[in-house]
Amino acid sequence: MDPKYQPQQIEEKLYREWEEKGYFKANINKKKKPFSIILPPPNANADLHLGHAMYVVEDIMIRYHKLLGDEVLWLPGADHAGFETQFVFENHLKKEGKSRFDFDRDSLFKIIWEFVWQNRGNMEDQLRKLGFALDWGKKKFSMDEDIVKIIYQTFKKLHDQGLVYREKRLVNYCTFCGTSFSDLEVIYKEKISPLYYMKYGPFTLATTRPETKFGDTAVVVNPKDKRYKKWIGKEIEVEGLTGKFKLKVVSDESVDPKFGTGVVKVTPAHDFTDFETSRRHNLEMKQVIGFDGKLNELTGIYQGLYVNQARTKIVEDLKKKGLLVKIKEDYKNRVGTCYKCGRVLEPLPKEQWFVKIRPLADKAKKLVNEEKIKIYPRRFKKILIWWLDNFRDWNISRQVVWGIRIPAYFCQLKKQWFIEPIPPKRCTICGGQDFKQDEDTFDTWFSSAQWPFATLMTQNVIASDSEAISKKEITSSSLTPRNDSFFNYFYPTTVMETGYDILPWWVARMIMIGYFATGKPPFKNIFLHGLIRDKDGKKMSKSKGNVINPMDMVDKYGADALRSALIFGAKEGNDLSFSEEKVIGMRNFTNKIWNIGRFIWMNHSVIPTKSRLAGRVEGSKQKDSSTPLRSARNDTLRQLQKEFKEEKKKYLKLMDSYRFSQALGLVYEFLWHRFADYYIEQLKDEVIHGNIEALKTLREVYLENLKMLHPFIPFVSDAVWKVFKGERSSILSEKL
RNA sequence: GGACUCGUAGCUCAGCGGUUUAGAGCAUCUGAUUUACAUUCAGAGGGUCAGAGGUUCAAAUCCUCUCGAGUCCACCA
């Protein structure tokens, strides 16, 4: 054994061995308890960041349950990450002086596919470097043919049950990125938006968006507002920039009489509140801004101007015409922006596919309330329920090429949509050839929402017992004969572990869609971890320059050090502060583990000889073999065994209640400051003089602790284990 | 406006199903070593546990309020 633990010489080789010997392979074993986790699939084309390294929490659970003797599955995969990936790719194109408009749909898809495949291997190698006990043979990609087939079946099932519908509605649309989003993708930013008070027929009203006035189809006031009561139901004539026009005055509770002048113009095509108002009052919708972000032909001389340009010009013209009363320049409001490019989003009316959330969310809520799905830390239960109560219908259409194309077809003859999971040869509606597939792709989260069951349903694993083989199950839609025994054994999965930041995006939707598709919750437990911050508790970001690359840490200090730095002293579910110093501290810990082993091994492997003894004893105090001391040593041994017993009991309790940080802290404290600093120091001379009893006790307690530490620091623990138990042994075939 | 998290040693944080002198890592200071490990060991300094009430024999821990930091959500036109 080297005097120093050198992870660089051990980790890669050891991981390869684990993989080759099949320690990570899951099978169907009805004699064992199944324990399964589906890895939250990283983007296929990106490198891992520290957030991904937090999957170490999952590896801890996986390895711990392996040690408990469960049949364990940790299933890896990658996500195509639709719009995200296309956005990255477009930036890449920009560097070459090109844009997405230089390609037709098919060739754009093809070059993005190639781009993704070129960048794909990195992520998997990085997960290996972190030591994750993933069952690589079962990895899936969200665009695998069989996965897509399942996504399509679910979509059809939702549609058949009236839970998917197509409707023209206001959606958040980024005119730069060229796609719509769901509510969740919108980032609201506080901005200074001058509030313009303008003359509007007999009224004065306040607006931040004068350029939308061409799309106004009514004026609304509060029904209780005495000032305007007499106008309700009447029609007014308004002098505008492009001539006179007439509008109805309606009343609606949503209007706050105290805001502005208490009169609001209604622009149903370009404002969410107004859209709702228009539905309540049956108002016409008039779109004056196009998907290119420019004003359209309904705006007269303003046609062709971008929204911001138009606003400036319209304000000038209003001034000239004497229609502008005043401007509140310092007015602040919140504006929806694109989460990728940061530009202001435009609410625009568009026909899209929506998932009807209410029935799905209600069922999901029941599962959570009845603890069919448990969530840790507990406080997130309330947050999850809040989301399930407040979700609105989910727009799943994206105008992005890189994605899973929606299997919806439009019959040109009957002007109707139909859904087919398999590309149809003929129109389902009229039997003819005249139909066209929807150009749009699914929101990535629509496929992610199906990840747990989709990945398990597409495994070709057959049960080892003949009973299961003879009972080949066929899917309800009978598209593909499928062996469901693997799915049945591992689903619902045991734990879904991910960051709390994607609770509504992913976790909630997996519950809703997973339960809909399978009649079971996709997982029994949810465990949420926090976000990683820098050593001053600040968010890591490229612009701040405080980003730490996890792979650098692995190269410098070893995967074990990085892993334990992410766990040690961090409260589950809370953000944690991370620094290189912390990794160094944990590297010292791995070295300590190594050296404790080295000490025991050195004495263990060398049978004490007289000359050796003489060499050692010379210069020391020479009192070790006297009888009173011997019995004192025996007391020490008993004390050690007692202390270890308590430690292990506490450890199991902590591990079982997901308090990994405390479990690691416990073993850290015990092994370093009790076992090494105290017990080894006490027994050192004894051991060197060949006290077999003392050595045996130290060895046993140490090896037990190695097993306990293995989930946290798999490399060094197994490396030392092999020294003691032989090259062909591994903690991975041990039991706690 | 709603919800949540946090305010504990110089810094970053544990501890919070209540109980002896409140902990860790890093940092600081003093000392040790022909050594399993200097990626080490022994020891020291450093905290009225944000503040104020309350419950209790007993509170950093439970309850209420106040102040401060941060996060998420919400149709202020």
# chains A, B, ... in the order shown; residues from 1 in each chain; ligands from 1

$ interface_residues --of "chain A" --to "chain B" --cutoff "6 Å" --atoms "only C-alpha atoms (C1' of nucleotides)" --output "ChimeraX atom specification"
/A:207,273,569,588,595-596,598-599

$ residues_around --residues "A:Tyr197" --least-positions-apart "6" --cutoff "9 Å" --atoms "only C-alpha atoms (C1' of nucleotides)" --output "list of chain:residue names"
A:Thr204, A:Leu205, A:Ala206, A:Thr207, A:Thr208, A:Gly260, A:Thr261, A:Leu323, A:Leu324, A:Val325, A:Lys326, A:Ile327, A:Lys328

$ write_last_selection --atoms "N, CA and C atoms" --output "PDB file, in the first residue's frame"
ATOM      1  N   THR A 204     -60.387  58.768 -20.140  1.00  0.00           N
ATOM      2  CA  THR A 204     -58.933  58.736 -20.179  1.00  0.00           C
ATOM      3  C   THR A 204     -58.554  57.387 -19.581  1.00  0.00           C
ATOM      4  N   LEU A 205     -57.641  56.676 -20.224  1.00  0.00           N
ATOM      5  CA  LEU A 205     -57.225  55.403 -19.610  1.00  0.00           C
ATOM      6  C   LEU A 205     -55.715  55.243 -19.627  1.00  0.00           C
ATOM      7  N   ALA A 206     -55.249  54.378 -18.753  1.00  0.00           N
ATOM      8  CA  ALA A 206     -53.805  54.187 -18.599  1.00  0.00           C
ATOM      9  C   ALA A 206     -53.399  52.845 -19.195  1.00  0.00           C
ATOM     10  N   THR A 207     -52.300  52.858 -19.945  1.00  0.00           N
ATOM     11  CA  THR A 207     -51.791  51.604 -20.502  1.00  0.00           C
ATOM     12  C   THR A 207     -50.274  51.645 -20.614  1.00  0.00           C
ATOM     13  N   THR A 208     -49.669  50.474 -20.509  1.00  0.00           N
ATOM     14  CA  THR A 208     -48.227  50.404 -20.731  1.00  0.00           C
ATOM     15  C   THR A 208     -47.956  49.999 -22.185  1.00  0.00           C
ATOM     16  N   GLY A 260     -54.915  53.473 -12.114  1.00  0.00           N
ATOM     17  CA  GLY A 260     -55.020  54.404 -13.243  1.00  0.00           C
ATOM     18  C   GLY A 260     -56.277  55.238 -13.123  1.00  0.00           C
ATOM     19  N   THR A 261     -57.110  55.183 -14.143  1.00  0.00           N
ATOM     20  CA  THR A 261     -58.348  55.960 -14.106  1.00  0.00           C
ATOM     21  C   THR A 261     -59.545  55.070 -13.849  1.00  0.00           C
ATOM     22  N   LEU A 323     -53.706  63.468 -27.981  1.00  0.00           N
ATOM     23  CA  LEU A 323     -54.443  62.377 -27.342  1.00  0.00           C
ATOM     24  C   LEU A 323     -53.731  61.845 -26.097  1.00  0.00           C
ATOM     25  N   LEU A 324     -52.517  62.291 -25.881  1.00  0.00           N
ATOM     26  CA  LEU A 324     -51.769  61.798 -24.730  1.00  0.00           C
ATOM     27  C   LEU A 324     -51.908  62.782 -23.576  1.00  0.00           C
ATOM     28  N   VAL A 325     -52.423  62.297 -22.470  1.00  0.00           N
ATOM     29  CA  VAL A 325     -52.696  63.186 -21.338  1.00  0.00           C
ATOM     30  C   VAL A 325     -51.460  63.355 -20.464  1.00  0.00           C
ATOM     31  N   LYS A 326     -50.897  62.232 -20.029  1.00  0.00           N
ATOM     32  CA  LYS A 326     -49.657  62.303 -19.239  1.00  0.00           C
ATOM     33  C   LYS A 326     -48.928  60.957 -19.274  1.00  0.00           C
ATOM     34  N   ILE A 327     -47.700  60.981 -18.821  1.00  0.00           N
ATOM     35  CA  ILE A 327     -46.911  59.748 -18.766  1.00  0.00           C
ATOM     36  C   ILE A 327     -46.341  59.590 -17.370  1.00  0.00           C
ATOM     37  N   LYS A 328     -46.602  58.429 -16.770  1.00  0.00           N
ATOM     38  CA  LYS A 328     -45.947  58.133 -15.498  1.00  0.00           C
ATOM     39  C   LYS A 328     -44.690  57.348 -15.858  1.00  0.00           C
TER      40      LYS A 328
END

$ residues_around --residues "stretch 43-47 of chain B" --least-positions-apart "3" --cutoff "10 Å" --atoms "only C-alpha atoms (C1' of nucleotides)" --output "list in words"
U8, A9, G10, A22, U28, C29, U30 and G31 of chain B

$ atom_distance --atom1 "atom CA of A:Leu503" --atom2 "atom CA of A:Gly519"
21.1 Å

$ atom_distance --atom1 "atom CA of A:Lys248" --atom2 "atom CA of A:Lys320"
26.3 Å

$ residues_around --residues "A:Tyr302" --least-positions-apart "5" --cutoff "9 Å" --atoms "only C-alpha atoms (C1' of nucleotides)" --output "VMD selection string"
chain A and resid 295 to 297 310 313 to 314

$ write_last_selection --atoms "all heavy atoms" --output "mmCIF file, in the first residue's frame"
data_model
loop_
_atom_site.group_PDB
_atom_site.id
_atom_site.type_symbol
_atom_site.label_atom_id
_atom_site.label_comp_id
_atom_site.auth_asym_id
_atom_site.auth_seq_id
_atom_site.Cartn_x
_atom_site.Cartn_y
_atom_site.Cartn_z
ATOM 1 N N LEU A 295 -45.923 44.664 -36.145
ATOM 2 C CA LEU A 295 -47.331 45.022 -36.287
ATOM 3 C C LEU A 295 -47.797 44.632 -37.683
ATOM 4 O O LEU A 295 -47.041 44.729 -38.663
ATOM 5 C CB LEU A 295 -47.532 46.522 -36.034
ATOM 6 C CG LEU A 295 -47.809 46.862 -34.552
ATOM 7 C CD1 LEU A 295 -46.633 46.510 -33.672
ATOM 8 C CD2 LEU A 295 -48.186 48.319 -34.386
ATOM 9 N N ASN A 296 -49.052 44.218 -37.786
ATOM 10 C CA ASN A 296 -49.530 43.702 -39.069
ATOM 11 C C ASN A 296 -50.358 44.717 -39.849
ATOM 12 O O ASN A 296 -50.440 45.896 -39.475
ATOM 13 C CB ASN A 296 -50.268 42.380 -38.863
ATOM 14 C CG ASN A 296 -51.581 42.565 -38.127
ATOM 15 O OD1 ASN A 296 -52.071 43.702 -37.961
ATOM 16 N ND2 ASN A 296 -52.173 41.483 -37.677
ATOM 17 N N GLU A 297 -51.019 44.225 -40.886
ATOM 18 C CA GLU A 297 -51.731 45.110 -41.823
ATOM 19 C C GLU A 297 -52.910 45.845 -41.193
ATOM 20 O O GLU A 297 -53.387 46.831 -41.761
ATOM 21 C CB GLU A 297 -52.190 44.294 -43.039
ATOM 22 C CG GLU A 297 -53.306 43.281 -42.782
ATOM 23 C CD GLU A 297 -52.810 41.994 -42.105
ATOM 24 O OE1 GLU A 297 -51.581 41.860 -41.878
ATOM 25 O OE2 GLU A 297 -53.652 41.134 -41.777
ATOM 26 N N ALA A 310 -42.735 50.561 -32.769
ATOM 27 C CA ALA A 310 -44.104 51.030 -32.927
ATOM 28 C C ALA A 310 -44.545 51.830 -31.707
ATOM 29 O O ALA A 310 -45.175 52.877 -31.824
ATOM 30 C CB ALA A 310 -45.043 49.850 -33.148
ATOM 31 N N LYS A 313 -43.083 55.338 -31.771
ATOM 32 C CA LYS A 313 -43.696 56.163 -32.816
ATOM 33 C C LYS A 313 -45.139 56.519 -32.450
ATOM 34 O O LYS A 313 -45.575 57.663 -32.621
ATOM 35 C CB LYS A 313 -43.665 55.399 -34.149
ATOM 36 C CG LYS A 313 -44.225 56.151 -35.328
ATOM 37 C CD LYS A 313 -43.358 55.936 -36.559
ATOM 38 C CE LYS A 313 -43.749 56.725 -37.791
ATOM 39 N NZ LYS A 313 -44.668 57.822 -37.656
ATOM 40 N N ILE A 314 -45.859 55.535 -31.910
ATOM 41 C CA ILE A 314 -47.257 55.769 -31.572
ATOM 42 C C ILE A 314 -47.378 56.800 -30.456
ATOM 43 O O ILE A 314 -48.242 57.669 -30.500
ATOM 44 C CB ILE A 314 -47.938 54.430 -31.198
ATOM 45 C CG1 ILE A 314 -48.213 53.647 -32.487
ATOM 46 C CG2 ILE A 314 -49.229 54.650 -30.424
ATOM 47 C CD1 ILE A 314 -48.530 52.186 -32.289
#

$ select_by_dssp --residues "stretch 145-357 of chain A" --states "strand (DSSP E or B)" --output "MDAnalysis selection string"
chainID A and resid 164:174 179:181 186:192 195:200 203:207 218:221 235:240 243:251 263:266 289 294:295 306 324:328 332:338 344 346:355

$ write_last_selection --atoms "C-alpha atoms" --output "mmCIF file, in the first residue's frame"
data_model
loop_
_atom_site.group_PDB
_atom_site.id
_atom_site.type_symbol
_atom_site.label_atom_id
_atom_site.label_comp_id
_atom_site.auth_asym_id
_atom_site.auth_seq_id
_atom_site.Cartn_x
_atom_site.Cartn_y
_atom_site.Cartn_z
ATOM 1 C CA VAL A 164 -55.831 16.644 -24.755
ATOM 2 C CA TYR A 165 -57.482 19.259 -26.875
ATOM 3 C CA ARG A 166 -56.488 21.678 -29.600
ATOM 4 C CA GLU A 167 -57.541 25.258 -29.247
ATOM 5 C CA LYS A 168 -56.692 28.747 -30.331
ATOM 6 C CA ARG A 169 -55.644 30.526 -27.207
ATOM 7 C CA LEU A 170 -53.189 33.077 -25.995
ATOM 8 C CA VAL A 171 -49.773 31.562 -25.506
ATOM 9 C CA ASN A 172 -46.482 33.004 -24.412
ATOM 10 C CA TYR A 173 -44.523 33.327 -27.606
ATOM 11 C CA CYS A 174 -40.907 34.301 -28.126
ATOM 12 C CA THR A 179 -41.816 29.117 -30.335
ATOM 13 C CA SER A 180 -44.487 29.178 -27.716
ATOM 14 C CA PHE A 181 -44.015 28.041 -24.121
ATOM 15 C CA VAL A 186 -41.960 32.218 -18.461
ATOM 16 C CA ILE A 187 -39.585 34.257 -16.336
ATOM 17 C CA TYR A 188 -41.215 37.363 -14.941
ATOM 18 C CA LYS A 189 -38.902 40.305 -14.580
ATOM 19 C CA GLU A 190 -39.598 43.616 -12.992
ATOM 20 C CA LYS A 191 -39.165 46.395 -15.527
ATOM 21 C CA ILE A 192 -39.763 50.096 -15.703
ATOM 22 C CA LEU A 195 -47.636 54.199 -17.994
ATOM 23 C CA TYR A 196 -49.320 56.241 -20.699
ATOM 24 C CA TYR A 197 -52.562 58.044 -19.919
ATOM 25 C CA MET A 198 -54.404 58.608 -23.163
ATOM 26 C CA LYS A 199 -57.677 60.026 -24.312
ATOM 27 C CA TYR A 200 -60.048 57.311 -25.283
ATOM 28 C CA PHE A 203 -62.524 58.451 -21.095
ATOM 29 C CA THR A 204 -58.933 58.736 -20.179
ATOM 30 C CA LEU A 205 -57.225 55.403 -19.610
ATOM 31 C CA ALA A 206 -53.805 54.187 -18.599
ATOM 32 C CA THR A 207 -51.791 51.604 -20.502
ATOM 33 C CA ALA A 218 -63.937 46.894 -25.815
ATOM 34 C CA VAL A 219 -63.486 49.104 -22.814
ATOM 35 C CA VAL A 220 -64.062 47.716 -19.367
ATOM 36 C CA VAL A 221 -64.863 49.286 -15.982
ATOM 37 C CA GLU A 235 -71.081 52.119 -27.244
ATOM 38 C CA ILE A 236 -68.457 54.819 -27.398
ATOM 39 C CA GLU A 237 -66.715 56.469 -30.293
ATOM 40 C CA VAL A 238 -62.953 56.801 -30.083
ATOM 41 C CA GLU A 239 -60.684 59.071 -32.029
ATOM 42 C CA GLY A 240 -57.628 57.000 -32.880
ATOM 43 C CA GLY A 243 -59.328 57.207 -37.670
ATOM 44 C CA LYS A 244 -62.457 56.839 -35.595
ATOM 45 C CA PHE A 245 -63.768 53.549 -34.310
ATOM 46 C CA LYS A 246 -66.516 52.315 -32.004
ATOM 47 C CA LEU A 247 -66.214 50.146 -28.900
ATOM 48 C CA LYS A 248 -68.569 48.610 -26.372
ATOM 49 C CA VAL A 249 -68.255 49.415 -22.679
ATOM 50 C CA VAL A 250 -68.547 46.368 -20.439
ATOM 51 C CA SER A 251 -68.223 45.886 -16.705
ATOM 52 C CA VAL A 263 -60.953 52.374 -17.208
ATOM 53 C CA VAL A 264 -59.200 49.596 -19.106
ATOM 54 C CA LYS A 265 -58.976 48.950 -22.803
ATOM 55 C CA VAL A 266 -59.506 45.313 -23.712
ATOM 56 C CA ILE A 289 -49.021 41.747 -33.805
ATOM 57 C CA LYS A 294 -44.075 43.117 -36.013
ATOM 58 C CA LEU A 295 -47.331 45.022 -36.287
ATOM 59 C CA TYR A 306 -41.359 45.928 -34.344
ATOM 60 C CA LEU A 324 -51.769 61.798 -24.730
ATOM 61 C CA VAL A 325 -52.696 63.186 -21.338
ATOM 62 C CA LYS A 326 -49.657 62.303 -19.239
ATOM 63 C CA ILE A 327 -46.911 59.748 -18.766
ATOM 64 C CA LYS A 328 -45.947 58.133 -15.498
ATOM 65 C CA LYS A 332 -42.762 49.395 -12.577
ATOM 66 C CA ASN A 333 -44.433 46.197 -13.642
ATOM 67 C CA ARG A 334 -43.605 42.584 -14.248
ATOM 68 C CA VAL A 335 -43.053 41.424 -17.782
ATOM 69 C CA GLY A 336 -42.827 37.852 -19.013
ATOM 70 C CA THR A 337 -39.527 37.066 -20.667
ATOM 71 C CA CYS A 338 -38.058 34.135 -22.537
ATOM 72 C CA VAL A 344 -39.854 40.060 -23.712
ATOM 73 C CA GLU A 346 -45.456 38.345 -26.665
ATOM 74 C CA PRO A 347 -48.845 36.932 -25.704
ATOM 75 C CA LEU A 348 -50.236 35.803 -29.055
ATOM 76 C CA PRO A 349 -53.252 33.782 -30.095
ATOM 77 C CA LYS A 350 -52.260 30.423 -31.484
ATOM 78 C CA GLU A 351 -53.790 27.033 -32.049
ATOM 79 C CA GLN A 352 -51.931 24.546 -29.869
ATOM 80 C CA TRP A 353 -52.342 21.215 -28.165
ATOM 81 C CA PHE A 354 -53.188 21.524 -24.500
ATOM 82 C CA VAL A 355 -53.320 18.956 -21.744
#
